[in-house]
Amino acid sequence: MSKSEFNTNVESIITIFTVEEDKLKILLVRKNTEPYKGYWTLPNSMVKNDETIEDNLTNLVYDELGIKSLYIEQNHTYSNIDRNPDSRVVGINYIGLIDPVTLLLKREPRENIETLWFPINDLPKLGYDHSYIIEKTISSLGKKLNSVFYIRNLFPADFTLPELEKVLTSILDKSVDRRNFRKRLIKLNIIEPTGEMSEGHNGRPAKLYRFKEDIKDTHIF
């Protein structure tokens with residue numbers, strides 16, 4: 001049995017989501033080298049021999065993407081033999097969630113790295129097996145975002161109920177009556193008005209809300 005039989009590379013792959021213009025969006029990077037030059041991919045990085053997967057992920061998120069802090073959790077491992085045309089690579093996928101205000105205030109620009117946020121239902125042509133990874137991740141995320149613990153990472157404060165409803169119903173693939181949605185949130189006692197107003201939809205003022213502190217995790221639907 002030769003050592004070459006065990007030469008396997010490991011990479012971190014992160015699917016980072018945020019909310020923009022009432023849409024759930026995902027961060028992609030345009031690849032500037034072969035293979036798949038010019039294609040969009042998920043942010044990813046090969047793990048070096050002298051670093052842990054955790055250090056690699058931290059460096060990927062901050063050094064390359066310029067994001068200082070966000071919620072991250074491990075999601076799934078992809079080990080198909082032919083998933084990378086250059087070599088044998090096992091990919092460890094992580095889910096990242098960041099709200100738009102934190103993203104705007106804390107993200108630092110990075111030169112020579114082209115990134116763009118895409119709506120999850122309007123993605124470009126992707127390299128490697130990243131279309132499949134995104135599909136699987138969105139399916140997993142749909143189950144998670146029914147939980148207050150997860151959704152408040154995208155909406156920590158200053159959101160309108162129509163904004164929250166639109167994102168949740170799109171990812172959860174549910175059709176919800178707006179009045180019932182509002183009643184459900186009030187009954188759960190998980191949100192409170194901030195006292196501020198937003199321009200809202202159609203130019204009409206709308207109340208801004210935030211999730212209450214120290215609430216128990218619960219399912220919205």
# chains A, B, ... in the order shown; residues from 1 in each chain; ligands from 1
>>> select_by_dssp(residues="stretch 59-122 of chain A", states="helix (DSSP H, G or I)", output="NGL selection string")
:A and (59-64 or 100-106)
>>> residues_around(residues="stretch 152-169 of chain A", least_positions_apart="3", cutoff="9 Å", atoms="only C-alpha atoms", output="tab-separated table (two decimals) with N, CA and C atoms, in the first residue's frame")
chain	number	residue	atom	x	y	z
A	17	PHE	N	-24.73	34.07	3.48
A	17	PHE	CA	-26.02	34.64	3.10
A	17	PHE	C	-26.24	35.97	3.81
A	18	THR	N	-26.91	36.88	3.11
A	18	THR	CA	-27.38	38.12	3.72
A	18	THR	C	-28.72	38.47	3.09
A	19	VAL	N	-29.34	39.53	3.57
A	19	VAL	CA	-30.60	40.00	3.02
A	19	VAL	C	-30.39	41.39	2.42
A	21	GLU	N	-32.55	44.18	-0.27
A	21	GLU	CA	-33.74	44.50	-1.07
A	21	GLU	C	-34.80	43.40	-0.94
A	22	ASP	N	-35.02	42.96	0.27
A	22	ASP	CA	-36.02	41.94	0.60
A	22	ASP	C	-35.72	40.58	-0.03
A	23	LYS	N	-34.48	40.35	-0.42
A	23	LYS	CA	-34.11	39.08	-1.04
A	23	LYS	C	-32.97	38.44	-0.28
A	24	LEU	N	-33.02	37.11	-0.17
A	24	LEU	CA	-31.91	36.37	0.40
A	24	LEU	C	-30.84	36.22	-0.68
A	70	LEU	N	-19.19	37.11	11.67
A	70	LEU	CA	-20.50	36.65	11.24
A	70	LEU	C	-20.76	35.31	11.89
A	71	TYR	N	-22.03	34.90	11.85
A	71	TYR	CA	-22.36	33.59	12.41
A	71	TYR	C	-21.94	32.51	11.41
A	97	LEU	N	-23.97	33.52	8.11
A	97	LEU	CA	-25.11	34.45	8.09
A	97	LEU	C	-24.66	35.80	8.61
A	98	ILE	N	-25.01	36.87	7.86
A	98	ILE	CA	-24.64	38.20	8.30
A	98	ILE	C	-25.74	39.18	7.90
A	99	ASP	N	-26.08	40.08	8.80
A	99	ASP	CA	-27.13	41.04	8.49
A	99	ASP	C	-26.56	42.18	7.65
A	100	PRO	N	-27.39	42.85	6.87
A	100	PRO	CA	-26.90	43.88	5.94
A	100	PRO	C	-26.25	45.08	6.61
A	142	GLY	N	-33.25	26.33	4.65
A	142	GLY	CA	-34.69	26.50	4.74
A	142	GLY	C	-35.26	25.91	6.02
A	145	LEU	N	-33.96	28.34	9.03
A	145	LEU	CA	-34.49	29.69	9.14
A	145	LEU	C	-35.92	29.75	9.67
A	146	ASN	N	-36.51	28.61	9.92
A	146	ASN	CA	-37.78	28.58	10.63
A	146	ASN	C	-37.56	28.86	12.12
A	147	SER	N	-36.30	28.80	12.52
A	147	SER	CA	-35.92	29.00	13.92
A	147	SER	C	-35.52	30.45	14.17
A	148	VAL	N	-36.00	31.02	15.26
A	148	VAL	CA	-35.66	32.40	15.62
A	148	VAL	C	-34.16	32.55	15.80
A	149	PHE	N	-33.49	31.54	16.33
A	149	PHE	CA	-32.05	31.59	16.56
A	149	PHE	C	-31.30	31.93	15.28
A	172	LEU	N	-38.59	29.34	2.84
A	172	LEU	CA	-39.33	28.22	3.40
A	172	LEU	C	-40.36	27.66	2.42
A	173	ASP	N	-40.51	28.35	1.29
A	173	ASP	CA	-41.45	27.92	0.25
A	173	ASP	C	-42.86	27.78	0.82
A	174	LYS	N	-43.27	28.82	1.56
A	174	LYS	CA	-44.60	28.83	2.15
A	174	LYS	C	-45.36	30.07	1.70
A	175	SER	N	-46.65	29.92	1.54
A	175	SER	CA	-47.51	31.06	1.25
A	175	SER	C	-48.26	31.40	2.54
A	176	VAL	N	-48.04	32.63	3.02
A	176	VAL	CA	-48.58	33.00	4.32
A	176	VAL	C	-49.40	34.28	4.18
A	178	ARG	N	-50.58	37.73	5.22
A	178	ARG	CA	-49.83	38.75	5.95
A	178	ARG	C	-50.40	39.01	7.34
A	181	PHE	N	-49.51	36.17	9.59
A	181	PHE	CA	-48.08	36.20	9.90
A	181	PHE	C	-47.81	37.19	11.05
A	182	ARG	N	-48.42	38.37	10.96
A	182	ARG	CA	-48.26	39.37	12.00
A	182	ARG	C	-48.79	38.86	13.35
A	193	PRO	N	-41.59	46.68	18.73
A	193	PRO	CA	-41.34	47.84	17.88
A	193	PRO	C	-40.16	48.64	18.39
A	194	THR	N	-39.38	49.20	17.48
A	194	THR	CA	-38.22	50.01	17.87
A	194	THR	C	-38.64	51.45	18.17
A	196	GLU	N	-39.27	53.45	15.71
A	196	GLU	CA	-38.90	54.16	14.50
A	196	GLU	C	-39.76	53.68	13.33
A	197	MET	N	-39.73	54.47	12.26
A	197	MET	CA	-40.50	54.13	11.06
A	197	MET	C	-39.57	54.06	9.86
A	198	SER	N	-39.93	53.20	8.92
A	198	SER	CA	-39.22	53.08	7.66
A	198	SER	C	-40.11	53.60	6.55
A	200	GLY	N	-40.75	52.06	3.96
A	200	GLY	CA	-41.62	50.92	3.66
A	200	GLY	C	-41.90	50.74	2.18
A	201	HIS	N	-42.85	49.87	1.89
A	201	HIS	CA	-43.21	49.56	0.52
A	201	HIS	C	-44.20	50.60	0.00
A	206	ALA	N	-43.65	52.41	7.49
A	206	ALA	CA	-43.89	51.10	8.10
A	206	ALA	C	-43.12	51.03	9.42
A	207	LYS	N	-43.72	50.38	10.40
A	207	LYS	CA	-43.08	50.23	11.70
A	207	LYS	C	-41.82	49.37	11.58
A	208	LEU	N	-40.80	49.76	12.32
A	208	LEU	CA	-39.59	48.95	12.40
A	208	LEU	C	-39.62	48.13	13.68
A	209	TYR	N	-39.17	46.88	13.58
A	209	TYR	CA	-39.19	45.95	14.71
A	209	TYR	C	-37.79	45.40	14.96
A	210	ARG	N	-37.64	44.79	16.12
A	210	ARG	CA	-36.43	44.03	16.45
A	210	ARG	C	-36.85	42.81	17.26
A	211	PHE	N	-35.98	41.80	17.27
A	211	PHE	CA	-36.24	40.64	18.12
A	211	PHE	C	-35.92	41.00	19.57
>>> residues_around(residues="A:Asn59", least_positions_apart="2", cutoff="12 Å", atoms="only C-alpha atoms", output="ChimeraX atom specification")
/A:12,14,43-48,51-57,61-69
>>> closest_residue(among="A:Leu27, A:Val89, A:Ile215, A:Leu116", to="A:Glu192", atoms="only C-alpha atoms")
A:Ile215
>>> closest_residue(among="A:Asp177, A:Asp122, A:Glu108, A:Glu73", to="A:Ile13", atoms="only C-alpha atoms")
A:Glu73
>>> closest_residue(among="A:Gly38, A:Leu185, A:Phe6, A:Thr77", to="A:Lys212", atoms="only C-alpha atoms")
A:Leu185
>>> atom_distance(atom1="atom CA of A:Asn80", atom2="atom CA of A:His130")
12.4 Å
>>> atom_distance(atom1="atom CA of A:Asp217", atom2="atom CA of A:Asn189")
11.5 Å
>>> decode(residues="stretch 59-105 of chain A", atoms="N, CA and C atoms", output="PDB file, in the first residue's frame")
ATOM      1  N   ASN A  59      -9.133  32.741   8.045  1.00  0.00           N
ATOM      2  CA  ASN A  59      -8.343  33.488   7.067  1.00  0.00           C
ATOM      3  C   ASN A  59      -9.134  33.737   5.790  1.00  0.00           C
ATOM      4  N   LEU A  60      -9.912  32.771   5.376  1.00  0.00           N
ATOM      5  CA  LEU A  60     -10.723  32.921   4.170  1.00  0.00           C
ATOM      6  C   LEU A  60     -11.745  34.035   4.353  1.00  0.00           C
ATOM      7  N   VAL A  61     -12.445  34.018   5.465  1.00  0.00           N
ATOM      8  CA  VAL A  61     -13.517  34.992   5.701  1.00  0.00           C
ATOM      9  C   VAL A  61     -12.965  36.401   5.887  1.00  0.00           C
ATOM     10  N   TYR A  62     -11.877  36.539   6.635  1.00  0.00           N
ATOM     11  CA  TYR A  62     -11.364  37.887   6.906  1.00  0.00           C
ATOM     12  C   TYR A  62     -10.315  38.340   5.888  1.00  0.00           C
ATOM     13  N   ASP A  63      -9.274  37.541   5.679  1.00  0.00           N
ATOM     14  CA  ASP A  63      -8.179  37.964   4.807  1.00  0.00           C
ATOM     15  C   ASP A  63      -8.629  38.133   3.357  1.00  0.00           C
ATOM     16  N   GLU A  64      -9.483  37.243   2.877  1.00  0.00           N
ATOM     17  CA  GLU A  64      -9.875  37.294   1.476  1.00  0.00           C
ATOM     18  C   GLU A  64     -11.183  38.034   1.246  1.00  0.00           C
ATOM     19  N   LEU A  65     -12.139  37.896   2.171  1.00  0.00           N
ATOM     20  CA  LEU A  65     -13.456  38.482   1.956  1.00  0.00           C
ATOM     21  C   LEU A  65     -13.654  39.784   2.725  1.00  0.00           C
ATOM     22  N   GLY A  66     -12.806  40.043   3.719  1.00  0.00           N
ATOM     23  CA  GLY A  66     -12.882  41.302   4.455  1.00  0.00           C
ATOM     24  C   GLY A  66     -14.012  41.380   5.460  1.00  0.00           C
ATOM     25  N   ILE A  67     -14.563  40.229   5.848  1.00  0.00           N
ATOM     26  CA  ILE A  67     -15.658  40.215   6.810  1.00  0.00           C
ATOM     27  C   ILE A  67     -15.099  39.845   8.183  1.00  0.00           C
ATOM     28  N   LYS A  68     -15.258  40.756   9.147  1.00  0.00           N
ATOM     29  CA  LYS A  68     -14.643  40.548  10.459  1.00  0.00           C
ATOM     30  C   LYS A  68     -15.379  39.527  11.305  1.00  0.00           C
ATOM     31  N   SER A  69     -16.699  39.582  11.273  1.00  0.00           N
ATOM     32  CA  SER A  69     -17.440  38.677  12.146  1.00  0.00           C
ATOM     33  C   SER A  69     -18.790  38.352  11.533  1.00  0.00           C
ATOM     34  N   LEU A  70     -19.188  37.113  11.674  1.00  0.00           N
ATOM     35  CA  LEU A  70     -20.496  36.654  11.238  1.00  0.00           C
ATOM     36  C   LEU A  70     -20.763  35.309  11.891  1.00  0.00           C
ATOM     37  N   TYR A  71     -22.033  34.898  11.853  1.00  0.00           N
ATOM     38  CA  TYR A  71     -22.364  33.587  12.410  1.00  0.00           C
ATOM     39  C   TYR A  71     -21.940  32.515  11.412  1.00  0.00           C
ATOM     40  N   ILE A  72     -21.213  31.498  11.892  1.00  0.00           N
ATOM     41  CA  ILE A  72     -20.736  30.403  11.034  1.00  0.00           C
ATOM     42  C   ILE A  72     -20.998  29.077  11.730  1.00  0.00           C
ATOM     43  N   GLU A  73     -21.455  28.092  10.960  1.00  0.00           N
ATOM     44  CA  GLU A  73     -21.534  26.726  11.474  1.00  0.00           C
ATOM     45  C   GLU A  73     -21.231  25.736  10.350  1.00  0.00           C
ATOM     46  N   GLN A  74     -20.642  24.597  10.734  1.00  0.00           N
ATOM     47  CA  GLN A  74     -20.326  23.569   9.743  1.00  0.00           C
ATOM     48  C   GLN A  74     -21.621  22.946   9.247  1.00  0.00           C
ATOM     49  N   ASN A  75     -21.660  22.681   7.937  1.00  0.00           N
ATOM     50  CA  ASN A  75     -22.898  22.189   7.340  1.00  0.00           C
ATOM     51  C   ASN A  75     -22.773  20.778   6.783  1.00  0.00           C
ATOM     52  N   HIS A  76     -21.849  20.556   5.841  1.00  0.00           N
ATOM     53  CA  HIS A  76     -21.801  19.258   5.167  1.00  0.00           C
ATOM     54  C   HIS A  76     -20.402  19.047   4.582  1.00  0.00           C
ATOM     55  N   THR A  77     -20.048  17.782   4.379  1.00  0.00           N
ATOM     56  CA  THR A  77     -18.771  17.424   3.752  1.00  0.00           C
ATOM     57  C   THR A  77     -19.027  16.795   2.393  1.00  0.00           C
ATOM     58  N   TYR A  78     -18.263  17.238   1.388  1.00  0.00           N
ATOM     59  CA  TYR A  78     -18.413  16.728   0.019  1.00  0.00           C
ATOM     60  C   TYR A  78     -17.137  16.004  -0.385  1.00  0.00           C
ATOM     61  N   SER A  79     -17.283  14.733  -0.761  1.00  0.00           N
ATOM     62  CA  SER A  79     -16.093  13.910  -1.011  1.00  0.00           C
ATOM     63  C   SER A  79     -16.159  13.137  -2.320  1.00  0.00           C
ATOM     64  N   ASN A  80     -17.015  13.568  -3.255  1.00  0.00           N
ATOM     65  CA  ASN A  80     -17.033  12.900  -4.558  1.00  0.00           C
ATOM     66  C   ASN A  80     -15.633  12.914  -5.165  1.00  0.00           C
ATOM     67  N   ILE A  81     -15.225  11.796  -5.723  1.00  0.00           N
ATOM     68  CA  ILE A  81     -13.848  11.638  -6.193  1.00  0.00           C
ATOM     69  C   ILE A  81     -13.492  12.627  -7.293  1.00  0.00           C
ATOM     70  N   ASP A  82     -14.431  12.944  -8.176  1.00  0.00           N
ATOM     71  CA  ASP A  82     -14.128  13.800  -9.328  1.00  0.00           C
ATOM     72  C   ASP A  82     -14.630  15.235  -9.157  1.00  0.00           C
ATOM     73  N   ARG A  83     -14.811  15.691  -7.955  1.00  0.00           N
ATOM     74  CA  ARG A  83     -15.372  17.038  -7.754  1.00  0.00           C
ATOM     75  C   ARG A  83     -14.383  18.152  -8.110  1.00  0.00           C
ATOM     76  N   ASN A  84     -13.104  17.849  -8.176  1.00  0.00           N
ATOM     77  CA  ASN A  84     -12.090  18.824  -8.598  1.00  0.00           C
ATOM     78  C   ASN A  84     -11.248  18.196  -9.703  1.00  0.00           C
ATOM     79  N   PRO A  85     -11.141  18.835 -10.879  1.00  0.00           N
ATOM     80  CA  PRO A  85     -10.410  18.227 -11.996  1.00  0.00           C
ATOM     81  C   PRO A  85      -8.904  18.149 -11.793  1.00  0.00           C
ATOM     82  N   ASP A  86      -8.352  18.911 -10.863  1.00  0.00           N
ATOM     83  CA  ASP A  86      -6.899  18.945 -10.673  1.00  0.00           C
ATOM     84  C   ASP A  86      -6.377  17.865  -9.732  1.00  0.00           C
ATOM     85  N   SER A  87      -7.126  17.576  -8.679  1.00  0.00           N
ATOM     86  CA  SER A  87      -6.644  16.638  -7.671  1.00  0.00           C
ATOM     87  C   SER A  87      -7.802  16.162  -6.821  1.00  0.00           C
ATOM     88  N   ARG A  88      -7.521  15.212  -5.960  1.00  0.00           N
ATOM     89  CA  ARG A  88      -8.526  14.693  -5.038  1.00  0.00           C
ATOM     90  C   ARG A  88      -8.717  15.703  -3.910  1.00  0.00           C
ATOM     91  N   VAL A  89      -9.935  16.242  -3.794  1.00  0.00           N
ATOM     92  CA  VAL A  89     -10.196  17.281  -2.809  1.00  0.00           C
ATOM     93  C   VAL A  89     -11.493  16.982  -2.065  1.00  0.00           C
ATOM     94  N   VAL A  90     -11.414  16.962  -0.744  1.00  0.00           N
ATOM     95  CA  VAL A  90     -12.597  16.847   0.109  1.00  0.00           C
ATOM     96  C   VAL A  90     -12.967  18.255   0.568  1.00  0.00           C
ATOM     97  N   GLY A  91     -14.218  18.631   0.344  1.00  0.00           N
ATOM     98  CA  GLY A  91     -14.660  19.965   0.710  1.00  0.00           C
ATOM     99  C   GLY A  91     -15.531  19.956   1.959  1.00  0.00           C
ATOM    100  N   ILE A  92     -15.191  20.805   2.925  1.00  0.00           N
ATOM    101  CA  ILE A  92     -15.990  20.956   4.134  1.00  0.00           C
ATOM    102  C   ILE A  92     -16.749  22.276   4.020  1.00  0.00           C
ATOM    103  N   ASN A  93     -18.070  22.171   3.960  1.00  0.00           N
ATOM    104  CA  ASN A  93     -18.913  23.338   3.730  1.00  0.00           C
ATOM    105  C   ASN A  93     -19.410  23.944   5.041  1.00  0.00           C
ATOM    106  N   TYR A  94     -19.413  25.265   5.077  1.00  0.00           N
ATOM    107  CA  TYR A  94     -19.921  26.014   6.225  1.00  0.00           C
ATOM    108  C   TYR A  94     -21.004  26.980   5.764  1.00  0.00           C
ATOM    109  N   ILE A  95     -21.963  27.223   6.647  1.00  0.00           N
ATOM    110  CA  ILE A  95     -22.981  28.250   6.420  1.00  0.00           C
ATOM    111  C   ILE A  95     -22.585  29.495   7.198  1.00  0.00           C
ATOM    112  N   GLY A  96     -22.633  30.649   6.534  1.00  0.00           N
ATOM    113  CA  GLY A  96     -22.388  31.924   7.197  1.00  0.00           C
ATOM    114  C   GLY A  96     -23.597  32.830   7.048  1.00  0.00           C
ATOM    115  N   LEU A  97     -23.975  33.523   8.112  1.00  0.00           N
ATOM    116  CA  LEU A  97     -25.114  34.447   8.087  1.00  0.00           C
ATOM    117  C   LEU A  97     -24.660  35.805   8.607  1.00  0.00           C
ATOM    118  N   ILE A  98     -25.008  36.866   7.860  1.00  0.00           N
ATOM    119  CA  ILE A  98     -24.643  38.203   8.296  1.00  0.00           C
ATOM    120  C   ILE A  98     -25.744  39.178   7.901  1.00  0.00           C
ATOM    121  N   ASP A  99     -26.075  40.080   8.799  1.00  0.00           N
ATOM    122  CA  ASP A  99     -27.131  41.041   8.495  1.00  0.00           C
ATOM    123  C   ASP A  99     -26.558  42.179   7.647  1.00  0.00           C
ATOM    124  N   PRO A 100     -27.387  42.855   6.868  1.00  0.00           N
ATOM    125  CA  PRO A 100     -26.896  43.884   5.937  1.00  0.00           C
ATOM    126  C   PRO A 100     -26.246  45.084   6.606  1.00  0.00           C
ATOM    127  N   VAL A 101     -26.685  45.459   7.808  1.00  0.00           N
ATOM    128  CA  VAL A 101     -26.099  46.617   8.483  1.00  0.00           C
ATOM    129  C   VAL A 101     -24.667  46.312   8.924  1.00  0.00           C
ATOM    130  N   THR A 102     -24.479  45.152   9.553  1.00  0.00           N
ATOM    131  CA  THR A 102     -23.129  44.743   9.953  1.00  0.00           C
ATOM    132  C   THR A 102     -22.226  44.621   8.736  1.00  0.00           C
ATOM    133  N   LEU A 103     -22.765  44.074   7.666  1.00  0.00           N
ATOM    134  CA  LEU A 103     -22.001  43.912   6.435  1.00  0.00           C
ATOM    135  C   LEU A 103     -21.550  45.265   5.902  1.00  0.00           C
ATOM    136  N   LEU A 104     -22.450  46.227   5.901  1.00  0.00           N
ATOM    137  CA  LEU A 104     -22.131  47.558   5.390  1.00  0.00           C
ATOM    138  C   LEU A 104     -21.084  48.259   6.245  1.00  0.00           C
ATOM    139  N   LEU A 105     -21.209  48.128   7.559  1.00  0.00           N
ATOM    140  CA  LEU A 105     -20.336  48.871   8.456  1.00  0.00           C
ATOM    141  C   LEU A 105     -18.979  48.212   8.682  1.00  0.00           C
TER     142      LEU A 105
END
